[in-house]
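Text of the file target.csv, holding CSV, C-alpha atoms and all ligand atoms:
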chain,number,residue,atom,x,y,z
A,1016,MET,CA,64.1,25.7,80.7
A,1017,SER,CA,62.7,24.6,77.3
A,1018,ILE,CA,59.0,24.2,78.1
A,1019,PRO,CA,57.2,23.1,74.9
A,1020,GLU,CA,53.5,23.9,74.6
A,1021,GLY,CA,51.4,21.2,76.2
A,1022,ALA,CA,54.1,20.2,78.7
A,1023,ASN,CA,52.8,20.0,82.2
A,1024,THR,CA,54.9,22.4,84.3
A,1025,ARG,CA,52.1,24.1,86.4
A,1026,PRO,CA,53.2,24.5,90.0
A,1027,THR,CA,49.7,23.7,91.2
A,1028,LEU,CA,50.1,20.0,90.2
A,1029,LYS,CA,50.3,17.3,92.9
A,1030,ILE,CA,53.9,16.8,91.7
A,1031,PRO,CA,55.1,19.8,89.8
A,1032,PHE,CA,57.9,19.3,87.3
A,1033,HIS,CA,60.2,21.4,89.4
A,1034,ARG,CA,60.2,23.1,92.8
A,1035,PRO,CA,63.3,25.0,93.9
A,1036,SER,CA,64.8,24.1,97.3
A,1037,ILE,CA,64.8,27.4,99.2
A,1038,GLY,CA,65.2,27.4,103.0
A,1039,PRO,CA,65.6,29.8,105.9
A,1040,ALA,CA,69.3,30.4,105.2
A,1041,GLU,CA,68.5,31.8,101.7
A,1042,ARG,CA,65.7,34.0,103.1
A,1043,ASP,CA,68.1,35.3,105.8
A,1044,ALA,CA,70.8,36.0,103.3
A,1045,VAL,CA,68.4,38.0,101.1
A,1046,MET,CA,67.1,40.0,104.1
A,1047,GLU,CA,70.7,40.9,105.1
A,1048,VAL,CA,71.4,42.3,101.6
A,1049,LEU,CA,68.1,44.2,101.5
A,1050,GLU,CA,68.9,45.8,104.8
A,1051,SER,CA,72.5,46.6,103.9
A,1052,GLY,CA,71.6,49.4,101.5
A,1053,TRP,CA,73.6,47.8,98.7
A,1054,LEU,CA,71.5,45.8,96.3
A,1055,THR,CA,73.4,45.5,93.0
A,1056,THR,CA,76.8,44.1,92.2
A,1057,GLY,CA,79.1,44.3,95.2
A,1058,GLN,CA,80.9,42.3,97.8
A,1059,ARG,CA,78.4,39.4,97.7
A,1060,ALA,CA,78.9,39.0,94.0
A,1061,VAL,CA,82.7,39.0,94.5
A,1062,ASP,CA,82.4,36.4,97.3
A,1063,PHE,CA,80.1,34.2,95.1
A,1064,GLU,CA,82.6,34.4,92.3
A,1065,GLU,CA,85.4,33.2,94.6
A,1066,ALA,CA,83.2,30.4,96.0
A,1067,VAL,CA,82.3,29.1,92.5
A,1068,ARG,CA,85.9,29.5,91.3
A,1069,VAL,CA,87.2,27.3,94.1
A,1070,ARG,CA,84.4,24.8,93.7
A,1071,VAL,CA,85.0,24.4,89.9
A,1072,GLY,CA,88.8,24.6,90.3
A,1073,SER,CA,89.3,27.4,87.7
A,1074,ALA,CA,91.6,30.3,87.9
A,1075,HIS,CA,88.9,32.9,87.3
A,1076,ALA,CA,85.1,33.3,87.8
A,1077,VAL,CA,83.0,36.1,86.5
A,1078,ALA,CA,79.4,36.5,87.7
A,1079,VAL,CA,76.7,37.5,85.2
A,1080,ASN,CA,72.9,37.5,85.1
A,1081,SER,CA,72.4,34.3,83.1
A,1082,ALA,CA,74.3,31.5,81.4
A,1083,THR,CA,73.1,33.1,78.1
A,1084,ALA,CA,75.1,36.2,79.0
A,1085,ALA,CA,78.0,34.0,80.1
A,1086,LEU,CA,78.1,32.2,76.7
A,1087,HIS,CA,77.7,35.4,74.8
A,1088,LEU,CA,80.6,37.1,76.7
A,1089,ILE,CA,82.9,34.0,76.2
A,1090,LEU,CA,82.3,34.0,72.4
A,1091,GLU,CA,82.8,37.8,72.4
A,1092,ALA,CA,86.1,37.5,74.3
A,1093,LEU,CA,87.3,34.8,71.9
A,1094,GLY,CA,86.8,37.3,69.1
A,1095,ILE,CA,84.0,35.3,67.3
A,1096,GLN,CA,82.5,37.5,64.6
A,1097,GLY,CA,80.6,37.6,61.3
A,1098,GLY,CA,81.7,34.9,58.9
A,1099,ASP,CA,82.8,32.6,61.7
A,1100,GLU,CA,81.2,29.3,62.6
A,1101,VAL,CA,80.8,27.7,66.0
A,1102,VAL,CA,79.9,24.0,66.3
A,1103,VAL,CA,76.9,23.8,68.6
A,1104,PRO,CA,74.9,20.7,69.7
A,1105,THR,CA,71.4,20.6,68.1
A,1106,TYR,CA,70.2,18.9,71.3
A,1107,THR,CA,70.1,22.0,73.5
A,1108,PHE,CA,68.2,25.1,74.5
A,1109,ALA,CA,67.8,28.2,72.4
A,1110,THR,CA,70.7,30.0,74.1
A,1111,CYS,CA,73.5,28.0,72.4
A,1112,GLY,CA,72.6,29.0,68.9
A,1113,GLU,CA,71.4,32.5,69.6
A,1114,VAL,CA,74.6,33.6,71.2
A,1115,CYS,CA,76.4,32.9,68.0
A,1116,ARG,CA,73.9,35.0,66.1
A,1117,TYR,CA,74.4,37.9,68.6
A,1118,LEU,CA,77.9,38.1,67.0
A,1119,ASN,CA,76.7,37.4,63.5
A,1120,ALA,CA,78.4,34.0,63.5
A,1121,ARG,CA,76.8,30.8,62.3
A,1122,PRO,CA,75.9,28.0,64.7
A,1123,ARG,CA,76.8,24.8,62.9
A,1124,LEU,CA,74.6,22.1,64.5
A,1125,ALA,CA,76.0,18.8,65.6
A,1126,ASP,CA,74.2,15.5,66.3
A,1127,VAL,CA,74.5,13.6,69.5
A,1128,ASP,CA,75.2,10.3,71.1
A,1129,PRO,CA,72.0,8.1,71.2
A,1130,ILE,CA,72.6,7.1,74.8
A,1131,THR,CA,73.9,10.3,76.6
A,1132,PHE,CA,72.3,13.0,74.4
A,1133,ASN,CA,75.8,14.6,74.4
A,1134,VAL,CA,77.9,15.7,71.3
A,1135,THR,CA,80.9,13.5,70.7
A,1136,ALA,CA,84.3,14.0,69.0
A,1137,GLU,CA,82.7,12.2,65.9
A,1138,THR,CA,79.6,14.3,65.7
A,1139,ILE,CA,81.6,17.5,66.2
A,1140,GLU,CA,84.2,16.5,63.6
A,1141,ALA,CA,81.5,16.0,61.0
A,1142,GLN,CA,80.6,19.7,61.3
A,1143,LEU,CA,84.1,21.2,61.2
A,1144,ARG,CA,84.5,23.7,58.3
A,1145,PRO,CA,87.3,26.1,57.3
A,1146,GLU,CA,85.2,28.8,59.0
A,1147,THR,CA,85.0,27.0,62.4
A,1148,LYS,CA,86.4,29.1,65.2
A,1149,ALA,CA,85.1,27.3,68.3
A,1150,ILE,CA,83.3,24.2,69.6
A,1151,MET,CA,80.5,24.3,72.2
A,1152,VAL,CA,79.7,21.3,74.3
A,1153,VAL,CA,76.6,20.9,76.6
A,1154,HIS,CA,76.8,18.4,79.5
A,1155,PHE,CA,73.2,17.3,79.0
A,1156,GLY,CA,71.1,16.8,82.1
A,1157,GLY,CA,74.2,17.0,84.3
A,1158,ALA,CA,76.2,14.1,82.7
A,1159,LEU,CA,79.7,15.1,81.6
A,1160,ALA,CA,80.3,14.8,77.9
A,1161,GLU,CA,83.3,12.6,76.8
A,1162,MET,CA,85.7,15.5,77.1
A,1163,GLU,CA,89.1,13.8,76.4
A,1164,PRO,CA,88.5,12.9,72.7
A,1165,ILE,CA,86.7,16.3,72.2
A,1166,LEU,CA,89.7,18.2,73.6
A,1167,GLU,CA,92.0,16.1,71.5
A,1168,LEU,CA,90.1,16.9,68.3
A,1169,ALA,CA,89.9,20.6,69.3
A,1170,ARG,CA,93.7,20.7,70.0
A,1171,SER,CA,94.5,19.1,66.6
A,1172,HIS,CA,92.5,21.9,64.9
A,1173,GLY,CA,93.6,24.7,67.2
A,1174,LEU,CA,90.1,25.4,68.3
A,1175,PRO,CA,88.8,26.6,71.8
A,1176,VAL,CA,86.2,24.5,73.6
A,1177,ILE,CA,83.4,26.2,75.4
A,1178,GLU,CA,81.5,24.1,78.0
A,1179,ASP,CA,77.8,24.9,78.5
A,1180,ALA,CA,77.7,23.6,82.1
A,1181,ALA,CA,74.2,25.1,82.7
A,1182,HIS,CA,73.0,21.6,83.9
A,1183,ALA,CA,76.2,20.6,85.5
A,1184,LEU,CA,76.9,21.9,89.0
A,1185,PRO,CA,78.1,19.8,90.7
A,1186,CYS,CA,79.3,17.3,88.0
A,1187,SER,CA,82.7,15.9,87.5
A,1188,ARG,CA,84.9,13.0,86.2
A,1189,GLY,CA,88.0,11.9,88.0
A,1190,GLY,CA,87.5,14.9,90.4
A,1191,ARG,CA,87.6,17.4,87.5
A,1192,ALA,CA,84.5,19.6,87.5
A,1193,ALA,CA,82.4,20.5,84.5
A,1194,GLY,CA,83.4,23.9,83.3
A,1195,SER,CA,87.1,23.3,84.0
A,1196,TRP,CA,87.9,21.1,81.0
A,1197,GLY,CA,87.6,23.5,78.1
A,1198,THR,CA,88.8,27.0,77.4
A,1199,ALA,CA,85.9,28.5,79.3
A,1200,GLY,CA,82.7,27.3,80.9
A,1201,ALA,CA,79.2,28.8,81.5
A,1202,LEU,CA,77.1,28.0,84.6
A,1203,SER,CA,73.4,28.8,85.0
A,1204,PHE,CA,71.6,29.7,88.2
A,1205,TYR,CA,68.2,29.9,86.5
A,1206,ALA,CA,65.1,29.0,88.7
A,1207,THR,CA,65.0,25.3,87.8
A,1208,LYS,CA,68.8,24.7,87.9
A,1209,THR,CA,70.7,22.6,90.4
A,1210,VAL,CA,72.0,25.8,92.2
A,1211,THR,CA,69.7,28.8,91.7
A,1212,THR,CA,69.7,32.5,92.3
A,1213,GLY,CA,66.4,32.9,90.4
A,1214,GLU,CA,68.3,34.2,87.4
A,1215,GLY,CA,72.1,34.2,87.2
A,1216,GLY,CA,75.1,32.8,85.6
A,1217,MET,CA,78.9,32.5,85.8
A,1218,ILE,CA,81.9,32.3,83.5
A,1219,VAL,CA,84.7,30.0,84.7
A,1220,THR,CA,88.0,30.0,82.9
A,1221,ASP,CA,91.8,29.7,83.3
A,1222,SER,CA,92.3,32.5,80.8
A,1223,ALA,CA,92.9,35.9,82.4
A,1224,GLU,CA,92.3,37.4,79.0
A,1225,ILE,CA,88.8,36.0,78.7
A,1226,ALA,CA,88.0,36.8,82.3
A,1227,ASN,CA,89.2,40.4,82.1
A,1228,ARG,CA,87.4,41.1,78.8
A,1229,ALA,CA,84.2,39.6,80.3
A,1230,ARG,CA,84.5,41.6,83.5
A,1231,SER,CA,84.5,44.8,81.4
A,1232,MET,CA,81.9,43.8,78.8
A,1233,ARG,CA,79.4,42.6,81.4
A,1234,LEU,CA,79.1,46.2,82.6
A,1235,HIS,CA,78.9,48.5,79.6
A,1236,GLY,CA,82.5,48.0,78.6
A,1237,LEU,CA,83.6,50.2,81.5
A,1238,SER,CA,87.1,50.1,83.0
A,1239,ARG,CA,87.5,47.0,85.1
A,1240,ASP,CA,86.5,48.0,88.6
A,1241,ALA,CA,83.9,50.6,87.7
A,1242,TRP,CA,81.3,49.0,90.0
A,1243,LYS,CA,83.4,50.1,93.0
A,1244,ARG,CA,82.7,53.7,92.2
A,1245,TYR,CA,79.7,53.6,94.4
A,1246,THR,CA,81.6,52.2,97.4
A,1247,GLY,CA,84.1,53.7,99.8
A,1248,SER,CA,86.9,51.9,97.9
A,1249,GLY,CA,85.9,53.3,94.5
A,1250,ASN,CA,86.3,56.4,92.5
A,1251,TRP,CA,83.8,58.5,90.5
A,1252,TYR,CA,86.0,58.2,87.4
A,1253,TYR,CA,85.5,55.5,84.8
A,1254,GLU,CA,86.3,55.1,81.1
A,1255,ILE,CA,84.2,53.3,78.4
A,1256,GLU,CA,86.6,51.0,76.8
A,1257,ASP,CA,84.2,49.3,74.4
A,1258,ALA,CA,80.4,49.1,73.7
A,1259,GLY,CA,79.5,46.5,76.3
A,1260,TYR,CA,76.4,45.0,77.8
A,1261,LYS,CA,74.3,45.1,81.1
A,1262,TYR,CA,75.0,41.6,82.3
A,1263,ASN,CA,76.1,42.0,85.9
A,1264,LEU,CA,74.7,39.8,88.8
A,1265,THR,CA,73.1,41.6,91.8
A,1266,ASP,CA,74.2,41.1,95.4
A,1267,VAL,CA,70.6,39.9,96.2
A,1268,ALA,CA,71.1,37.0,93.7
A,1269,ALA,CA,74.7,36.4,94.8
A,1270,ALA,CA,73.6,36.1,98.5
A,1271,ILE,CA,71.1,33.3,97.5
A,1272,GLY,CA,73.8,31.7,95.4
A,1273,LEU,CA,76.3,31.6,98.3
A,1274,VAL,CA,73.9,29.6,100.4
A,1275,GLN,CA,72.8,27.4,97.5
A,1276,LEU,CA,76.5,26.6,96.7
A,1277,GLU,CA,77.0,25.5,100.3
A,1278,ARG,CA,74.1,23.1,99.9
A,1279,ALA,CA,75.0,22.0,96.3
A,1280,GLU,CA,76.4,18.6,97.3
A,1281,SER,CA,73.6,17.7,99.8
A,1282,MET,CA,71.0,18.7,97.2
A,1283,ARG,CA,72.8,16.7,94.5
A,1284,LEU,CA,72.7,13.6,96.8
A,1285,GLU,CA,68.9,14.1,97.2
A,1286,ARG,CA,68.5,14.2,93.4
A,1287,GLU,CA,70.8,11.1,93.1
A,1288,ARG,CA,68.4,9.4,95.6
A,1289,VAL,CA,65.5,10.2,93.3
A,1290,ALA,CA,67.3,9.0,90.2
A,1291,ARG,CA,68.3,5.7,91.8
A,1292,ARG,CA,64.8,5.2,93.0
A,1293,TYR,CA,63.3,5.8,89.5
A,1294,ALA,CA,66.0,3.5,88.0
A,1295,ALA,CA,65.0,0.6,90.4
A,1296,ALA,CA,61.3,1.2,90.5
A,1297,ILE,CA,60.6,1.7,86.8
A,1298,PRO,CA,61.8,-1.8,85.7
A,1299,ALA,CA,60.3,-3.3,88.9
A,1300,ALA,CA,56.9,-1.9,87.8
A,1301,GLY,CA,57.1,-3.9,84.6
A,1302,LEU,CA,58.2,-1.0,82.3
A,1303,GLY,CA,61.6,-2.4,81.5
A,1304,GLU,CA,60.8,-3.2,77.8
A,1305,LEU,CA,58.6,-0.2,77.3
A,1306,VAL,CA,61.0,2.6,78.2
A,1307,GLU,CA,64.7,3.4,78.3
A,1308,LEU,CA,66.3,4.8,81.4
A,1309,PRO,CA,69.1,7.4,81.3
A,1310,ALA,CA,72.6,6.1,81.6
A,1311,MET,CA,73.9,5.7,85.2
A,1312,PRO,CA,77.2,7.4,86.0
A,1313,GLY,CA,80.4,5.2,85.6
A,1314,PRO,CA,83.2,4.9,88.1
A,1315,GLY,CA,84.8,8.3,89.0
A,1316,GLU,CA,81.8,10.2,87.6
A,1317,VAL,CA,79.6,12.5,89.6
A,1318,HIS,CA,76.3,13.2,87.9
A,1319,ALA,CA,74.5,16.4,88.7
A,1320,TRP,CA,71.1,14.8,87.9
A,1321,HIS,CA,69.6,18.1,86.7
A,1322,LEU,CA,67.2,16.0,84.5
A,1323,PHE,CA,65.8,12.5,84.5
A,1324,PRO,CA,65.2,11.9,80.8
A,1325,LEU,CA,63.0,8.9,80.2
A,1326,ARG,CA,62.6,7.6,76.7
A,1327,LEU,CA,59.5,5.7,75.4
A,1328,ASN,CA,60.1,2.7,73.2
A,1329,LEU,CA,57.6,4.0,70.7
A,1330,ASP,CA,57.2,0.8,68.7
A,1331,ARG,CA,56.1,-1.1,71.9
A,1332,VAL,CA,53.8,1.4,73.7
A,1333,ARG,CA,50.1,2.1,73.0
A,1334,LEU,CA,50.1,5.9,73.5
A,1335,THR,CA,52.1,8.6,71.8
A,1336,ARG,CA,54.5,10.7,73.7
A,1337,ALA,CA,52.1,13.7,73.7
A,1338,GLU,CA,49.2,11.5,75.0
A,1339,THR,CA,51.5,10.1,77.7
A,1340,ILE,CA,52.4,13.6,78.8
A,1341,GLU,CA,48.7,14.6,78.8
A,1342,ARG,CA,47.7,11.6,80.9
A,1343,LEU,CA,50.5,12.2,83.4
A,1344,GLY,CA,49.3,15.8,83.7
A,1345,GLU,CA,45.8,14.5,84.4
A,1346,ALA,CA,47.3,12.4,87.2
A,1347,GLY,CA,48.8,15.6,88.6
A,1348,ILE,CA,52.3,14.9,87.5
A,1349,GLY,CA,54.3,17.7,85.8
A,1350,THR,CA,56.8,16.7,83.1
A,1351,SER,CA,58.7,18.5,80.4
A,1352,VAL,CA,60.6,17.7,77.2
A,1353,HIS,CA,64.4,18.3,76.8
A,1354,PHE,CA,65.0,19.4,74.1
A,1355,ILE,CA,63.3,20.2,70.9
A,1356,PRO,CA,66.5,20.1,68.8
A,1357,LEU,CA,67.5,23.4,67.4
A,1358,HIS,CA,67.4,22.2,63.8
A,1359,LEU,CA,63.7,21.4,64.1
A,1360,HIS,CA,62.7,25.0,64.9
A,1361,PRO,CA,61.4,27.4,62.2
A,1362,TYR,CA,64.3,29.8,62.7
A,1363,TYR,CA,67.0,27.2,61.9
A,1364,ARG,CA,65.0,25.6,59.1
A,1365,ARG,CA,64.3,29.0,57.5
A,1366,THR,CA,67.8,30.5,58.0
A,1367,TYR,CA,70.0,27.5,57.3
A,1368,GLY,CA,67.7,25.2,55.4
A,1369,TYR,CA,67.9,22.4,58.0
A,1370,ALA,CA,65.6,19.4,57.4
A,1371,PRO,CA,64.4,17.2,60.3
A,1372,ASP,CA,66.5,14.2,59.2
A,1373,ASP,CA,69.7,16.2,58.8
A,1374,LEU,CA,70.6,15.3,62.4
A,1375,PRO,CA,68.6,12.0,62.8
A,1376,ILE,CA,69.8,10.8,66.2
A,1377,ALA,CA,68.7,14.0,68.0
A,1378,LYS,CA,65.3,14.0,66.2
A,1379,LEU,CA,64.7,10.4,67.2
A,1380,GLN,CA,65.6,10.9,70.9
A,1381,TYR,CA,63.5,14.1,71.0
A,1382,GLU,CA,60.5,12.2,69.7
A,1383,ARG,CA,60.8,9.7,72.5
A,1384,GLU,CA,61.8,11.9,75.5
A,1385,ILE,CA,59.9,12.8,78.6
A,1386,SER,CA,61.7,14.5,81.5
A,1387,LEU,CA,60.3,13.3,84.9
A,1388,PRO,CA,60.3,15.5,88.0
A,1389,ILE,CA,63.6,15.4,89.9
A,1390,TYR,CA,64.5,17.8,92.7
A,1391,PRO,CA,65.8,17.6,96.3
A,1392,ASP,CA,62.4,17.9,98.0
A,1393,LEU,CA,60.8,15.1,95.9
A,1394,GLY,CA,60.1,12.4,98.5
A,1395,ASP,CA,60.3,8.7,98.0
A,1396,ASP,CA,56.5,8.5,98.1
A,1397,ASP,CA,56.3,11.1,95.3
A,1398,VAL,CA,58.7,9.0,93.2
A,1399,ASP,CA,56.6,5.9,93.8
A,1400,TYR,CA,53.5,7.8,92.9
A,1401,VAL,CA,55.1,8.9,89.5
A,1402,VAL,CA,56.2,5.3,88.8
A,1403,ALA,CA,52.8,3.8,89.7
A,1404,ARG,CA,51.0,6.3,87.4
A,1405,LEU,CA,53.6,5.6,84.6
A,1406,ALA,CA,52.8,1.9,84.9
A,1407,ASP,CA,49.1,2.7,84.5
A,1408,ILE,CA,49.6,4.9,81.5
A,1409,VAL,CA,52.5,3.4,79.6
A,1410,ARG,CA,51.0,0.1,78.4
A,1411,PRO,CA,52.2,-2.4,75.8
A,1412,ARG,CA,50.5,-2.3,72.4
B,1501,LIG,C1,71.8,23.7,78.1
B,1501,LIG,C2,71.4,25.1,78.5
B,1501,LIG,N1,72.2,26.1,78.2
B,1501,LIG,C3,71.9,27.4,78.6
B,1501,LIG,C4,70.8,27.7,79.2
B,1501,LIG,C5,70.5,29.1,79.5
B,1501,LIG,O1,70.6,29.4,80.9
B,1501,LIG,P1,70.1,30.8,81.4
B,1501,LIG,O2,68.6,30.8,81.6
B,1501,LIG,O3,70.8,31.0,82.7
B,1501,LIG,O4,70.5,31.9,80.4
B,1501,LIG,C6,69.8,26.7,79.5
B,1501,LIG,C7,68.6,27.1,80.1
B,1501,LIG,O5,67.7,26.3,80.4
B,1501,LIG,C8,70.1,25.4,79.1
B,1501,LIG,O6,69.3,24.4,79.3

Exercise: express the given structure as structure tokens:
Amino acid sequence: MSIPEGANTRPTLKIPFHRPSIGPAERDAVMEVLESGWLTTGQRAVDFEEAVRVRVGSAHAVAVNSATAALHLILEALGIQGGDEVVVPTYTFATCGEVCRYLNARPRLADVDPITFNVTAETIEAQLRPETKAIMVVHFGGALAEMEPILELARSHGLPVIEDAAHALPCSRGGRAAGSWGTAGALSFYATKTVTTGEGGMIVTDSAEIANRARSMRLHGLSRDAWKRYTGSGNWYYEIEDAGYKYNLTDVAAAIGLVQLERAESMRLERERVARRYAAAIPAAGLGELVELPAMPGPGEVHAWHLFPLRLNLDRVRLTRAETIERLGEAGIGTSVHFIPLHLHPYYRRTYGYAPDDLPIAKLQYEREISLPIYPDLGDDDVDYVVARLADIVRPR
């Protein structure tokens, strides 16, 4: 999400920042669940877990009600606790830092690569401390981070790697999906994400230990198959094994997810169409020197294109970033900013004493960034309209 004040995300705009792609198959799937008499976690959630597991290529998948819950449960299963540190990108949403705080651990913020917005082995290494117990990586905007050197660094320090793949379904390199590289991954099915259930998330992992712990802790720490007690196959008896959480995914949401997952690649291709059209039209409109486009995927890379992060060359343009967003809004175009780096927020400054220039690359990229609309139903005419208005508004000094 990450909607700063002043960003234009109103759905009434001519071109809203986001519009979910929901069709008759999703509506039918929901109606079927509503009429079935079973609304909460049940067979649909199990089926959705299996479909995601196969899709990502992991040994286990555990459905939860958000990526935030997924990341929390992964850290919990890894035994992260008070006094521990987790290296977390500063260039991310609130979730990544707060889940560390849930467990009284410290998020140690890492800077990012100036081109991809992703953490690298170098920016992570600079934040390793004796207290470091895990590394968290975000695949920003749906572009896979450089995982090989990160995994090599993690291996050499004996640290688990957690992939925040909230932006990254479907996204892969060499056929290997986001979420299947590290020790465990978290997917998001939030309303604006590439595959949505309104709210929802999933843990993917090859670790039976993490999956089993998360299965119990997502439902009050009850013995593993407790949800079955309401069905014919279940039993009234359960045991509370630990003080858990209420993080389970409903069958209503899972039914939407099953349909969305079937459509994931065709929706991705539509977003790729939008990205390629922006990438060709923006320089063609004379904006080549005034803005920087996001990096295009290299050979063997599949980009999820959750975001299209444009950057202004602030020393060459007449208007500020805020003025540009305002003008685009007046032209009926919704935009957002991804992200306000964590270390710039009052909580992180107050709690850990971060100053803006402590992580200078993230700060600089944030100050230049505007996320343009990108979603499957955005037509070529809409893209052309956005680019035409951009060319009116983004003028040289
Ligand atoms: C990078 C990143 N991680 C995690 C999340 C949290 O996802 P959820 O809303 O499913 O908890 C978001 C949400 O926008 C995100 O952008």

**OP:** Around the point (65.6, 29.4, 88.1), in the coordinates given by the file, pick out the residues reaching within 10 Å, counting all atoms listed in the file, and return them as an MDAnalysis selection string.
**Re:** chainID A and resid 1016 1033:1035 1081 1203:1215

Subject >> Which of A:Ile1255, A:Ile1089, A:Leu1322, A:Ala1268 sits closest to Gln1058 (chain A) [using all atoms listed in the file] >> reply: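 Looking only at the distances to Gln1058 (chain A), the closest residue turns out to be A:Ala1268.
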
**OP:** Could you check which of A:Asp1266, A:Arg1068, A:Leu1118, A:Ile1225 is closest to Gly1052 (chain A), using only C-alpha atoms?
**Re:**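 The closest residue to Gly1052 (chain A) is A:Asp1266.
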
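We find CA of Arg1336 (chain A) and CA of Arg1410 (chain A) to be spaced 12.1 Å apart.
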
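Taking CA of Ser1187 (chain A) and atom C1 of ligand LIG 1501 (chain B) as endpoints, the distance between them is 16.4 Å.
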
**OP:** Excluding region 1105-1117 of chain A and any residue of its chain fewer than 5 positions from it, enumerate the residues within 6 Å of it, using only C-alpha atoms, and give them as JSON, numbers by chain.
**Re:** {"A": [1083, 1087, 1122, 1124, 1125, 1354, 1356, 1357]}

Selected residues written out, C-alpha atoms, as an mmCIF file, keeping the file's coordinate frame:
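Output contents, as saved in part33.cif:
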data_model
loop_
_atom_site.group_PDB
_atom_site.id
_atom_site.type_symbol
_atom_site.label_atom_id
_atom_site.label_comp_id
_atom_site.auth_asym_id
_atom_site.auth_seq_id
_atom_site.Cartn_x
_atom_site.Cartn_y
_atom_site.Cartn_z
ATOM 1 C CA THR A 1083 73.100 33.100 78.100
ATOM 2 C CA HIS A 1087 77.700 35.400 74.800
ATOM 3 C CA PRO A 1122 75.900 28.000 64.700
ATOM 4 C CA LEU A 1124 74.600 22.100 64.500
ATOM 5 C CA ALA A 1125 76.000 18.800 65.600
ATOM 6 C CA PHE A 1354 65.000 19.400 74.100
ATOM 7 C CA PRO A 1356 66.500 20.100 68.800
ATOM 8 C CA LEU A 1357 67.500 23.400 67.400
#

Original post:
Hey, what's within 12 Å of Glu1163 (chain A) if we count only C-alpha atoms and toss same-chain stuff fewer than 2 positions away? As a list in words, please?
Top reply: Thr1135, Ala1136, Leu1159, Ala1160, Glu1161, Ile1165, Leu1166, Glu1167, Leu1168, Ala1169, Arg1170, Val1176, Arg1188, Gly1189, Arg1191, Trp1196 and Gly1197 of chain A

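The closest residue to Pro1411 (chain A), picked from A:Gln1275, A:Ser1386, A:Asn1328, A:Thr1366 and counting all atoms listed in the file, is A:Asn1328.
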
Please write a file for region 1348-1390 of chain A, taken from the block I just shared, that holds C-alpha atoms and is laid out as a compact mmCIF listing (two decimals), in the first residue's frame.
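Wrote it out as part02.txt, contents follow:
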# COMPACT_ATOMS: atom_id res chain seq x y z
CA ILE A 1348 -4.37 10.58 -12.99
CA GLY A 1349 -3.86 8.69 -9.74
CA THR A 1350 -0.29 8.11 -8.59
CA SER A 1351 1.47 7.00 -5.43
CA VAL A 1352 4.96 7.02 -3.92
CA HIS A 1353 6.85 3.82 -3.09
CA PHE A 1354 8.21 4.07 -0.51
CA ILE A 1355 8.86 6.61 2.20
CA PRO A 1356 11.95 4.81 3.58
CA LEU A 1357 11.46 3.48 7.08
CA HIS A 1358 14.39 5.46 8.48
CA LEU A 1359 12.69 8.76 7.57
CA HIS A 1360 9.61 7.99 9.70
CA PRO A 1361 9.23 9.46 13.20
CA TYR A 1362 9.09 6.04 14.90
CA TYR A 1363 12.47 4.94 13.50
CA ARG A 1364 14.11 8.31 14.07
CA ARG A 1365 12.84 8.44 17.66
CA THR A 1366 13.49 4.81 18.57
CA TYR A 1367 16.81 4.18 16.83
CA GLY A 1368 18.12 7.70 16.22
CA TYR A 1369 18.19 7.40 12.43
CA ALA A 1370 19.00 10.59 10.51
CA PRO A 1371 17.84 11.07 6.90
CA ASP A 1372 21.34 10.76 5.39
CA ASP A 1373 22.18 7.54 7.25
CA LEU A 1374 20.85 5.60 4.24
CA PRO A 1375 21.41 8.16 1.49
CA ILE A 1376 20.57 6.14 -1.64
CA ALA A 1377 17.09 5.24 -0.37
CA LYS A 1378 16.46 8.86 0.63
CA LEU A 1379 17.52 10.16 -2.78
CA GLN A 1380 15.41 7.65 -4.72
CA TYR A 1381 12.37 8.32 -2.51
CA GLU A 1382 12.62 12.06 -3.16
CA ARG A 1383 12.47 11.46 -6.94
CA GLU A 1384 9.93 8.63 -7.17
CA ILE A 1385 6.37 8.64 -8.55
CA SER A 1386 4.55 5.34 -9.11
CA LEU A 1387 2.42 5.44 -12.27
CA PRO A 1388 -0.78 3.43 -12.71
CA ILE A 1389 -0.15 -0.15 -13.86
CA TYR A 1390 -2.80 -2.87 -13.87
